[in-house]
Every structure is written in C-alpha cells, then in structure tokens.
$ cat my_file_0.txt   # compact mmCIF, C-alpha atoms
# COMPACT_ATOMS: atom_id res chain seq x y z
CA MET A 135 -58.11 19.01 -93.98
CA LYS A 136 -56.79 19.21 -90.42
CA THR A 137 -53.49 17.73 -91.57
CA THR A 138 -53.24 20.32 -94.36
CA LEU A 139 -53.93 23.16 -91.94
CA LYS A 140 -51.30 21.87 -89.51
CA THR A 141 -48.79 21.58 -92.35
CA LEU A 142 -49.45 25.15 -93.45
CA ILE A 143 -49.11 26.45 -89.90
CA ALA A 144 -45.86 24.56 -89.42
CA ALA A 145 -44.48 25.88 -92.71
CA GLY A 146 -45.46 29.40 -91.73
CA CYS A 147 -43.70 29.05 -88.39
CA LEU A 148 -40.53 27.83 -90.08
CA LEU A 149 -40.58 30.76 -92.51
CA ALA A 150 -41.14 33.22 -89.69
CA ALA A 151 -38.34 31.65 -87.70
CA GLY A 152 -35.98 31.93 -90.65
CA SER A 153 -36.89 35.55 -91.42
CA THR A 154 -36.47 36.68 -87.81
CA LEU A 155 -33.18 34.85 -87.26
CA ALA A 156 -31.07 37.85 -88.19
CA ALA A 157 -33.12 40.16 -85.98
CA GLU A 158 -32.73 37.88 -82.96
CA HIS A 159 -29.13 36.75 -83.34
CA GLY A 160 -27.50 39.39 -85.48
CA LEU A 161 -26.64 39.34 -89.16
CA ARG A 162 -23.78 37.13 -90.37
CA PHE A 163 -22.16 38.43 -93.55
CA GLY A 164 -20.26 36.02 -95.81
CA VAL A 165 -17.13 37.60 -97.28
CA GLU A 166 -14.05 36.69 -99.34
CA ALA A 167 -11.37 38.69 -97.54
CA LEU A 168 -8.65 38.81 -100.22
CA TYR A 169 -9.98 41.48 -102.58
CA PRO A 170 -8.88 45.00 -101.60
CA PRO A 171 -10.20 47.68 -101.53
CA PHE A 172 -13.56 45.88 -101.26
CA GLU A 173 -12.50 43.57 -98.46
CA SER A 174 -9.15 42.52 -96.99
CA LYS A 175 -7.34 42.25 -93.66
CA SER A 176 -5.23 44.84 -91.89
CA ALA A 177 -1.81 44.07 -90.44
CA SER A 178 -3.55 43.31 -87.13
CA GLY A 179 -5.89 40.81 -88.80
CA GLN A 180 -9.01 43.00 -88.77
CA LEU A 181 -11.35 43.01 -91.75
CA GLU A 182 -11.39 46.30 -93.62
CA GLY A 183 -12.49 47.79 -96.91
CA PHE A 184 -15.43 49.29 -98.77
CA ASP A 185 -17.78 46.34 -98.31
CA ILE A 186 -16.91 46.02 -94.62
CA ASP A 187 -17.72 49.69 -93.95
CA LEU A 188 -20.82 49.43 -96.14
CA GLY A 189 -22.04 46.36 -94.26
CA ASN A 190 -21.56 48.06 -90.91
CA ALA A 191 -23.45 51.15 -92.14
CA VAL A 192 -26.35 49.05 -93.42
CA CYS A 193 -26.49 47.05 -90.18
CA ALA A 194 -26.58 50.28 -88.18
CA ALA A 195 -29.44 51.61 -90.33
CA ALA A 196 -31.31 48.30 -90.01
CA LYS A 197 -30.60 48.16 -86.26
CA LEU A 198 -28.85 44.80 -86.59
CA GLN A 199 -25.63 43.56 -85.02
CA CYS A 200 -23.43 42.21 -87.80
CA SER A 201 -20.54 39.75 -87.83
CA TRP A 202 -18.40 38.26 -90.58
CA VAL A 203 -17.71 34.76 -91.87
CA GLU A 204 -14.84 34.28 -94.32
CA THR A 205 -14.81 31.89 -97.27
CA SER A 206 -13.46 31.78 -100.83
CA PHE A 207 -15.46 33.68 -103.44
CA ASP A 208 -16.51 30.56 -105.38
CA SER A 209 -17.83 29.05 -102.12
CA LEU A 210 -20.01 32.00 -101.13
CA ILE A 211 -23.27 30.84 -102.72
CA PRO A 212 -22.99 27.19 -101.54
CA ALA A 213 -22.08 28.39 -98.03
CA LEU A 214 -25.07 30.76 -97.99
CA GLN A 215 -27.37 27.95 -99.05
CA ALA A 216 -25.85 25.75 -96.32
CA ARG A 217 -26.74 28.49 -93.76
CA LYS A 218 -23.15 29.10 -92.71
CA PHE A 219 -24.07 32.78 -92.78
CA ASP A 220 -27.12 34.91 -93.63
CA VAL A 221 -26.06 37.35 -96.36
CA ILE A 222 -23.31 37.57 -98.99
CA ASN A 223 -21.50 40.91 -98.85
CA SER A 224 -18.50 40.50 -101.13
CA ALA A 225 -18.70 42.70 -104.25
CA MET A 226 -21.09 40.23 -105.92
CA ASN A 227 -22.85 41.41 -109.07
CA VAL A 228 -26.53 40.64 -109.58
CA THR A 229 -26.79 38.37 -112.62
CA GLU A 230 -29.55 36.20 -114.05
CA GLN A 231 -27.41 33.11 -113.56
CA ARG A 232 -26.90 33.81 -109.86
CA LYS A 233 -30.57 34.72 -109.40
CA GLN A 234 -31.44 31.15 -110.29
CA ALA A 235 -29.71 30.05 -107.08
CA ILE A 236 -30.21 32.96 -104.66
CA ASP A 237 -32.05 36.26 -104.22
CA PHE A 238 -30.53 39.72 -103.95
CA THR A 239 -31.27 43.01 -102.26
CA LYS A 240 -31.65 46.10 -104.40
CA ALA A 241 -28.47 47.06 -106.25
CA ILE A 242 -26.20 49.18 -104.05
CA TYR A 243 -23.35 50.25 -106.33
CA GLN A 244 -21.72 49.51 -109.68
CA VAL A 245 -18.09 49.56 -110.86
CA PRO A 246 -16.36 49.09 -114.25
CA ASN A 247 -14.39 45.98 -115.18
CA ARG A 248 -11.05 46.47 -116.91
CA LEU A 249 -8.03 44.60 -118.24
CA ILE A 250 -4.60 45.02 -116.65
CA ALA A 251 -1.46 44.25 -118.67
CA LYS A 252 2.01 45.62 -119.27
CA ALA A 253 1.60 49.27 -120.24
CA ASP A 254 3.65 48.77 -123.41
CA SER A 255 2.16 45.38 -124.34
CA GLY A 256 -0.23 46.73 -126.96
CA LEU A 257 -2.96 44.50 -125.54
CA THR A 258 -6.60 45.57 -125.46
CA PRO A 259 -9.65 43.78 -124.01
CA ASN A 260 -10.78 41.99 -127.16
CA ALA A 261 -10.36 38.46 -128.45
CA THR A 262 -8.23 39.44 -131.46
CA ALA A 263 -5.60 41.23 -129.38
CA LEU A 264 -5.59 38.52 -126.68
CA ALA A 265 -5.49 35.47 -128.97
CA GLY A 266 -2.78 33.10 -127.76
CA LYS A 267 -2.38 35.01 -124.47
CA ARG A 268 -3.07 33.88 -120.90
CA VAL A 269 -5.56 35.93 -118.88
CA GLY A 270 -5.98 35.39 -115.13
CA VAL A 271 -9.35 35.75 -113.41
CA LEU A 272 -10.85 35.10 -109.99
CA GLN A 273 -12.54 31.70 -109.87
CA GLY A 274 -16.34 31.90 -109.75
CA SER A 275 -16.38 35.58 -110.72
CA ILE A 276 -18.27 37.31 -113.49
CA GLN A 277 -14.89 38.28 -114.91
CA GLU A 278 -14.26 34.56 -115.42
CA ASN A 279 -17.69 34.21 -117.06
CA TYR A 280 -16.99 37.13 -119.39
CA ALA A 281 -13.53 35.93 -120.41
CA LYS A 282 -14.75 32.38 -121.06
CA ALA A 283 -17.75 33.61 -123.06
CA HIS A 284 -16.03 36.28 -125.17
CA TRP A 285 -12.36 35.34 -125.34
CA ALA A 286 -11.78 31.63 -124.72
CA PRO A 287 -13.60 30.52 -127.93
CA GLN A 288 -11.20 32.74 -129.89
CA GLY A 289 -8.01 31.12 -128.60
CA VAL A 290 -7.44 33.04 -125.35
CA GLU A 291 -6.36 30.86 -122.42
CA VAL A 292 -8.44 31.85 -119.39
CA VAL A 293 -6.82 30.78 -116.10
CA ALA A 294 -8.96 30.84 -112.93
CA TYR A 295 -7.53 31.31 -109.42
CA GLN A 296 -9.14 31.08 -105.99
CA ASP A 297 -7.07 34.07 -104.83
CA GLN A 298 -6.66 37.28 -106.84
CA ASN A 299 -3.30 37.87 -105.16
CA GLN A 300 -2.00 34.73 -106.88
CA VAL A 301 -3.11 36.26 -110.18
CA TYR A 302 -0.92 39.29 -109.46
CA LEU A 303 2.06 37.08 -108.56
CA ASP A 304 1.80 35.15 -111.82
CA LEU A 305 1.28 38.37 -113.77
CA THR A 306 4.49 39.93 -112.43
CA ALA A 307 6.35 36.63 -112.92
CA GLY A 308 5.35 36.56 -116.58
CA ARG A 309 3.18 33.45 -116.30
CA LEU A 310 0.15 35.53 -117.27
CA ASP A 311 -0.23 38.26 -119.88
CA ALA A 312 -3.19 40.07 -118.33
CA THR A 313 -5.97 39.97 -115.76
CA LEU A 314 -9.60 41.07 -116.00
CA ILE A 315 -10.79 42.63 -112.76
CA MET A 316 -13.04 45.21 -111.13
CA ALA A 317 -11.24 48.51 -111.68
CA PRO A 318 -11.05 49.59 -108.00
CA ALA A 319 -9.61 46.21 -107.00
CA GLY A 320 -7.01 46.34 -109.75
CA GLN A 321 -5.98 49.88 -108.83
CA SER A 322 -5.81 49.43 -105.06
CA GLY A 323 -4.70 45.80 -104.95
CA PHE A 324 -2.03 45.90 -107.65
CA LEU A 325 -1.35 49.05 -109.69
CA ALA A 326 -0.85 51.22 -106.57
CA HIS A 327 1.84 48.85 -105.25
CA PRO A 328 5.50 48.49 -106.29
CA ASP A 329 4.76 45.14 -107.97
CA GLY A 330 2.35 46.94 -110.28
CA LYS A 331 5.06 49.17 -111.76
CA GLY A 332 5.05 48.95 -115.53
CA PHE A 333 1.46 47.66 -115.61
CA ALA A 334 -1.67 49.66 -116.40
CA PHE A 335 -5.33 49.45 -117.34
CA VAL A 336 -5.36 48.87 -121.09
CA GLY A 337 -8.28 49.74 -123.33
CA ASP A 338 -11.78 50.67 -122.21
CA ALA A 339 -13.99 48.95 -119.66
CA VAL A 340 -15.60 45.76 -120.96
CA GLN A 341 -19.36 45.71 -121.38
CA ASP A 342 -21.96 42.93 -121.30
CA GLU A 343 -25.08 43.66 -119.25
CA LYS A 344 -26.21 40.03 -119.41
CA ILE A 345 -23.00 38.85 -117.72
CA PHE A 346 -22.17 41.83 -115.49
CA GLY A 347 -25.75 42.38 -114.43
CA SER A 348 -27.46 45.38 -112.90
CA GLY A 349 -25.00 46.24 -110.13
CA ILE A 350 -23.59 44.87 -106.89
CA ALA A 351 -25.91 43.84 -104.05
CA PHE A 352 -26.17 41.60 -101.01
CA GLY A 353 -27.02 37.96 -101.72
CA LEU A 354 -29.82 36.24 -99.78
CA ARG A 355 -31.35 32.80 -99.63
CA LYS A 356 -34.59 32.35 -101.55
CA ASP A 357 -37.79 33.46 -99.78
CA GLU A 358 -36.08 35.58 -97.09
CA ARG A 359 -38.67 38.28 -97.80
CA GLU A 360 -38.70 39.97 -94.41
CA LEU A 361 -34.90 40.20 -94.29
CA LYS A 362 -34.78 41.51 -97.86
CA GLN A 363 -37.32 44.24 -97.07
CA ARG A 364 -35.40 45.26 -93.97
CA LEU A 365 -32.08 45.40 -95.80
CA ASP A 366 -33.54 47.19 -98.83
CA ALA A 367 -34.90 49.92 -96.55
CA ALA A 368 -31.53 50.27 -94.83
CA ILE A 369 -29.69 50.37 -98.17
CA THR A 370 -32.01 53.13 -99.41
CA GLN A 371 -31.27 55.05 -96.23
CA VAL A 372 -27.47 54.87 -96.56
CA GLN A 373 -27.72 55.76 -100.25
CA GLN A 374 -29.88 58.81 -99.56
CA GLN A 375 -27.57 59.89 -96.72
CA GLY A 376 -24.62 59.88 -99.14
CA THR A 377 -22.81 57.11 -97.27
CA VAL A 378 -22.25 54.95 -100.36
CA GLN A 379 -20.77 57.84 -102.33
CA ALA A 380 -18.58 58.89 -99.39
CA LEU A 381 -17.20 55.36 -98.99
CA ALA A 382 -16.63 55.12 -102.75
CA LYS A 383 -14.63 58.36 -102.65
CA LYS A 384 -12.58 57.01 -99.73
CA TYR A 385 -11.74 53.66 -101.31
CA PHE A 386 -12.14 54.14 -105.08
CA GLY A 387 -11.22 57.77 -105.69
CA ASP A 388 -13.08 59.30 -108.62
CA ILE A 389 -14.65 56.09 -109.96
CA ASP A 390 -18.40 56.57 -110.40
CA VAL A 391 -20.32 53.84 -108.53
CA THR A 392 -23.85 55.07 -109.30
CA VAL A 393 -26.20 52.25 -110.30
CA LYS A 394 -27.29 53.02 -113.86
$ encode --input "my_file_0.txt" --output "structure tokens"
Amino acid sequence: MKTTLKTLIAAGCLLAAGSTLAAEHGLRFGVEALYPPFESKSASGQLEGFDIDLGNAVCAAAKLQCSWVETSFDSLIPALQARKFDVINSAMNVTEQRKQAIDFTKAIYQVPNRLIAKADSGLTPNATALAGKRVGVLQGSIQENYAKAHWAPQGVEVVAYQDQNQVYLDLTAGRLDATLIMAPAGQSGFLAHPDGKGFAFVGDAVQDEKIFGSGIAFGLRKDERELKQRLDAAITQVQQQGTVQALAKKYFGDIDVTVK
C-alpha cells in the first residue's frame, strides 16, 4: 500500500509539473509559417498573421509569455507529442480523428473551405466535375482528408504538398487544375497576388462536419487540464472583447468566422 501511495504521489507531481510548465517558462506555440494570412513571415523574417496576433492576445489575457516554434503542418501533432512546444496554433480544425491523438481548447473561429481554379474552367467542387483532374492540397490537412474521401474514389487525382506555396506554383504552371483551401488563405495567399490573375473561387464552400469539425482551436497534449482551463478562459475573454472579430476583419475582410 505504501508503494501504491508513493506511485500516486509521484504521478500527481509529474502532472502538476507538466501543467505548470507554461506558467513558469512561458507558452511555446507550434506553427507552420507558410500559410498567409493565418501565419507567414514578413520581409524582415518576423512571424505575422491572424493566428500570430490571436496567440499574442490570448497569451496577454492568460498572463503568459508566448514564443513560437516553426514546423511543417503535417509534423505539428508529432512535434507536440514530443514536447517540442506546448500548444498548436496553426489554423487547425478540431476533428474526431485528431482528438484521438491530442486535446483541443474550445473552438475559437471557423472559416469556409473552397476550391480555386481557372475562372473560366467550368470546374466546381464535386467529383463529377473534377474527374480526371489534379487537385493540390496541403499535406496533413483536412482539405486533403476531404478530397481523398469525396473525390479520389471518383477518379480525381489528389496531390499533397508540404508547402501551400508550391501548390500555387504548380497551379499557375498548369501542373494542377485546382486547389482546395481555407478561403482566407486562398484569397490572401494567391488570388490577391499577380500570379492569381485569371483564377477564382469556383462553386460554393464544401461541407462535411465530420471531416471539417466544429471549428479551429489550439491543440494540446492529452491531460493538460490546467493549461486547457487557463487558455479556454483567455479565449472566452478575447472573444467577448471582440478581438477575434476585429482580427478577422483585418485579415479576412468580410468572411464570417463565428463558430456555429
């Protein structure tokens, strides 16, 4: 019985140590920095974008000092589990599949997902129209999951890339016919630039609640209950203060980001 008690005490100490790590040493956000306007780098090499400003606002509300660790999007969950940082803050949707591996804070915002193609291509985001076409997606993203679930079985070639910018390059070069992407990223990262001339969002936003989940949130390791509670309270504060809506207006224009 003494051994059991000692084991429980030791386990409790480890849990407490893990949950207070962020409070003592600051919060390390994991981010994929090649996805404007959510996160990217300025000409001077500084991180910028919606998620960067959002993370700083949440840290201020939670009274935490935050820093940033960069990695590719498909490496975010493994790197979180390996404790290379404390929280994922990189436009990651809450899905049942991801919840098997990690926990999430409350949903913070939500954005539509749309198909980009040549404006005169006649393409729409359905398997019949895209049959025989090549659609680029970000590797490890829910857009990849959607395209592989709904389109690939019907003869659509889904091509995954580690870098969304490479998707745009292959799209303009004619090596891809379309890309499925979060609407704000497609607008800011491609359509608003000279390379995006002649391209447009085609058709309506795609829908699948099982794949796209309940909104975008911060990702946490399992059982980080104290950190989750602290971040949830800070998120509620910045939502009630109108900070999320103000940042959305700044970076996304008139796109509604309200969590349904």
$ residues_near_point --input "my_file_0.txt" --point "(-2.5, 42.2, -114.7)" --cutoff "8 Å" --atoms "all atoms listed in the file" --output "list in words"
Leu249, Ile250, Ala251, Lys252, Gly270, Val301, Tyr302, Leu305, Thr306, Leu310, Asp311, Ala312, Thr313, Leu314, Gly320, Phe324, Phe333 and Ala334 of chain A
$ closest_atom_pairs --input "my_file_0.txt" --of "stretch 246-268 of chain A" --to "stretch 290-297 of chain A" --cutoff "7 Å" --atoms "only C-alpha atoms" --output "tab-separated table"
residue	atom	partner	partner_atom	distance
A:Ala261	CA	A:Val290	CA	6.9
A:Leu264	CA	A:Val290	CA	5.9
A:Ala265	CA	A:Val290	CA	4.8
A:Gly266	CA	A:Val290	CA	5.2
A:Lys267	CA	A:Val290	CA	5.5
A:Arg268	CA	A:Glu291	CA	4.7
$ write_last_selection --input "my_file_0.txt" --atoms "C-alpha atoms" --output "PDB file, in the coordinates of the input"
ATOM      1  CA  ALA A 261     -10.360  38.460-128.450  1.00  0.00           C
ATOM      2  CA  LEU A 264      -5.590  38.520-126.680  1.00  0.00           C
ATOM      3  CA  ALA A 265      -5.490  35.470-128.970  1.00  0.00           C
ATOM      4  CA  GLY A 266      -2.780  33.100-127.760  1.00  0.00           C
ATOM      5  CA  LYS A 267      -2.380  35.010-124.470  1.00  0.00           C
ATOM      6  CA  ARG A 268      -3.070  33.880-120.900  1.00  0.00           C
TER       7      ARG A 268
END
$ closest_residue --input "my_file_0.txt" --among "A:Phe184, A:Trp285, A:Phe335, A:Phe219" --to "A:Ala380" --atoms "only C-alpha atoms"
A:Phe184
$ residues_around --input "my_file_0.txt" --residues "A:Gly353" --least-positions-apart "6" --cutoff "9 Å" --atoms "all atoms listed in the file" --output "list of chain:residue names"
A:Ile211, A:Leu214, A:Asp220, A:Val221, A:Ile222, A:Asn223, A:Ser224, A:Met226, A:Val228, A:Ile236, A:Asp237, A:Phe238, A:Thr239
$ closest_residue --input "my_file_0.txt" --among "A:Gly289, A:Ile242, A:Leu210, A:Asn247" --to "A:Gln374" --atoms "all atoms listed in the file"
A:Ile242
$ closest_residue --input "my_file_0.txt" --among "A:Gln273, A:Gln373, A:Ser322, A:Asn227" --to "A:Phe352" --atoms "all atoms listed in the file"
A:Asn227
$ closest_residue --input "my_file_0.txt" --among "A:Ile350, A:Thr370, A:Asp357, A:Asp338" --to "A:Ala241" --atoms "only C-alpha atoms"
A:Ile350
$ closest_residue --input "my_file_0.txt" --among "A:Asp388, A:Glu278, A:Asp185, A:Asp366" --to "A:Pro170" --atoms "all atoms listed in the file"
A:Asp185
$ atom_distance --input "my_file_0.txt" --atom1 "atom CA of A:Lys233" --atom2 "atom CA of A:Trp202"
22.7 Å
$ atom_distance --input "my_file_0.txt" --atom1 "atom CA of A:Lys362" --atom2 "atom CA of A:Thr392"
20.8 Å
$ atom_distance --input "my_file_0.txt" --atom1 "atom CA of A:Ala319" --atom2 "atom CA of A:Tyr169"
6.5 Å
$ closest_residue --input "my_file_0.txt" --among "A:Leu168, A:Ala196, A:Val378, A:Ala225" --to "A:Gln363" --atoms "all atoms listed in the file"
A:Ala196
$ residues_around --input "my_file_0.txt" --residues "A:Gly183" --least-positions-apart "4" --cutoff "6 Å" --atoms "only C-alpha atoms" --output "list in words"
Pro171, Phe172 and Glu173 of chain A
$ axis_aligned_box --input "my_file_0.txt" --around "stretch 200-210 of chain A" --padding-each-side "6 Å" --output "AutoDock Vina command-line options"
--center_x -18.4 --center_y 35.6 --center_z -96.6 --size_x 22.0 --size_y 25.2 --size_z 29.6
$ residues_around --input "my_file_0.txt" --residues "A:Ala339" --least-positions-apart "2" --cutoff "9 Å" --atoms "all atoms listed in the file" --output "list of chain:residue names"
A:Pro246, A:Asn247, A:Arg248, A:Leu249, A:Pro259, A:Ala317, A:Phe335, A:Val336, A:Gly337, A:Gln341
$ build_atoms --input "my_file_0.txt" --residues "stretch 281-292 of chain A" --atoms "all heavy atoms" --output "mmCIF file, in the coordinates of the input"
data_model
loop_
_atom_site.group_PDB
_atom_site.id
_atom_site.type_symbol
_atom_site.label_atom_id
_atom_site.label_comp_id
_atom_site.auth_asym_id
_atom_site.auth_seq_id
_atom_site.Cartn_x
_atom_site.Cartn_y
_atom_site.Cartn_z
ATOM 1 N N ALA A 281 -14.700 36.362 -119.639
ATOM 2 C CA ALA A 281 -13.530 35.930 -120.410
ATOM 3 C C ALA A 281 -13.790 34.599 -121.115
ATOM 4 O O ALA A 281 -13.375 34.406 -122.268
ATOM 5 C CB ALA A 281 -12.324 35.817 -119.485
ATOM 6 N N LYS A 282 -14.478 33.684 -120.446
ATOM 7 C CA LYS A 282 -14.750 32.380 -121.060
ATOM 8 C C LYS A 282 -15.788 32.498 -122.179
ATOM 9 O O LYS A 282 -15.748 31.742 -123.157
ATOM 10 C CB LYS A 282 -15.203 31.388 -119.999
ATOM 11 C CG LYS A 282 -14.057 30.916 -119.109
ATOM 12 C CD LYS A 282 -14.486 29.826 -118.143
ATOM 13 C CE LYS A 282 -13.283 29.260 -117.397
ATOM 14 N NZ LYS A 282 -13.681 28.208 -116.422
ATOM 15 N N ALA A 283 -16.716 33.440 -122.033
ATOM 16 C CA ALA A 283 -17.750 33.610 -123.060
ATOM 17 C C ALA A 283 -17.228 34.350 -124.281
ATOM 18 O O ALA A 283 -17.528 33.968 -125.427
ATOM 19 C CB ALA A 283 -18.948 34.363 -122.471
ATOM 20 N N HIS A 284 -16.432 35.403 -124.064
ATOM 21 C CA HIS A 284 -16.030 36.280 -125.170
ATOM 22 C C HIS A 284 -14.645 35.981 -125.728
ATOM 23 O O HIS A 284 -14.403 36.231 -126.916
ATOM 24 C CB HIS A 284 -16.081 37.741 -124.708
ATOM 25 C CG HIS A 284 -17.468 38.266 -124.517
ATOM 26 N ND1 HIS A 284 -18.214 38.819 -125.533
ATOM 27 C CD2 HIS A 284 -18.257 38.308 -123.412
ATOM 28 C CE1 HIS A 284 -19.394 39.197 -125.065
ATOM 29 N NE2 HIS A 284 -19.445 38.899 -123.781
ATOM 30 N N TRP A 285 -13.753 35.486 -124.904
ATOM 31 C CA TRP A 285 -12.360 35.340 -125.340
ATOM 32 C C TRP A 285 -11.899 33.901 -125.543
ATOM 33 O O TRP A 285 -11.197 33.616 -126.506
ATOM 34 C CB TRP A 285 -11.426 36.032 -124.336
ATOM 35 C CG TRP A 285 -11.684 37.502 -124.201
ATOM 36 C CD1 TRP A 285 -12.317 38.320 -125.104
ATOM 37 C CD2 TRP A 285 -11.314 38.345 -123.112
ATOM 38 N NE1 TRP A 285 -12.365 39.611 -124.643
ATOM 39 C CE2 TRP A 285 -11.751 39.666 -123.419
ATOM 40 C CE3 TRP A 285 -10.643 38.124 -121.908
ATOM 41 C CZ2 TRP A 285 -11.543 40.739 -122.563
ATOM 42 C CZ3 TRP A 285 -10.438 39.196 -121.051
ATOM 43 C CH2 TRP A 285 -10.876 40.495 -121.373
ATOM 44 N N ALA A 286 -12.267 33.016 -124.634
ATOM 45 C CA ALA A 286 -11.780 31.630 -124.720
ATOM 46 C C ALA A 286 -12.108 30.965 -126.062
ATOM 47 O O ALA A 286 -11.245 30.270 -126.623
ATOM 48 C CB ALA A 286 -12.343 30.803 -123.560
ATOM 49 N N PRO A 287 -13.311 31.163 -126.634
ATOM 50 C CA PRO A 287 -13.600 30.520 -127.930
ATOM 51 C C PRO A 287 -12.716 31.023 -129.068
ATOM 52 O O PRO A 287 -12.646 30.382 -130.124
ATOM 53 C CB PRO A 287 -15.078 30.883 -128.182
ATOM 54 C CG PRO A 287 -15.639 31.174 -126.826
ATOM 55 C CD PRO A 287 -14.508 31.822 -126.085
ATOM 56 N N GLN A 288 -12.047 32.154 -128.859
ATOM 57 C CA GLN A 288 -11.200 32.740 -129.890
ATOM 58 C C GLN A 288 -9.708 32.482 -129.647
ATOM 59 O O GLN A 288 -8.849 33.173 -130.204
ATOM 60 C CB GLN A 288 -11.449 34.251 -129.978
ATOM 61 C CG GLN A 288 -12.904 34.634 -130.152
ATOM 62 C CD GLN A 288 -13.523 34.038 -131.400
ATOM 63 O OE1 GLN A 288 -12.902 34.008 -132.452
ATOM 64 N NE2 GLN A 288 -14.751 33.545 -131.272
ATOM 65 N N GLY A 289 -9.404 31.508 -128.782
ATOM 66 C CA GLY A 289 -8.010 31.120 -128.600
ATOM 67 C C GLY A 289 -7.305 31.791 -127.439
ATOM 68 O O GLY A 289 -6.073 31.711 -127.339
ATOM 69 N N VAL A 290 -8.041 32.439 -126.547
ATOM 70 C CA VAL A 290 -7.440 33.040 -125.350
ATOM 71 C C VAL A 290 -7.493 32.014 -124.221
ATOM 72 O O VAL A 290 -8.546 31.412 -123.975
ATOM 73 C CB VAL A 290 -8.204 34.316 -124.934
ATOM 74 C CG1 VAL A 290 -7.554 34.943 -123.703
ATOM 75 C CG2 VAL A 290 -8.253 35.311 -126.087
ATOM 76 N N GLU A 291 -6.380 31.797 -123.538
ATOM 77 C CA GLU A 291 -6.360 30.860 -122.420
ATOM 78 C C GLU A 291 -6.779 31.592 -121.148
ATOM 79 O O GLU A 291 -6.078 32.492 -120.676
ATOM 80 C CB GLU A 291 -4.966 30.256 -122.234
ATOM 81 C CG GLU A 291 -4.930 29.186 -121.146
ATOM 82 C CD GLU A 291 -3.582 28.513 -120.981
ATOM 83 O OE1 GLU A 291 -2.664 28.813 -121.774
ATOM 84 O OE2 GLU A 291 -3.443 27.696 -120.044
ATOM 85 N N VAL A 292 -7.906 31.223 -120.602
ATOM 86 C CA VAL A 292 -8.440 31.850 -119.390
ATOM 87 C C VAL A 292 -8.067 30.963 -118.202
ATOM 88 O O VAL A 292 -8.451 29.793 -118.150
ATOM 89 C CB VAL A 292 -9.962 32.025 -119.481
ATOM 90 C CG1 VAL A 292 -10.504 32.659 -118.197
ATOM 91 C CG2 VAL A 292 -10.328 32.881 -120.698
#
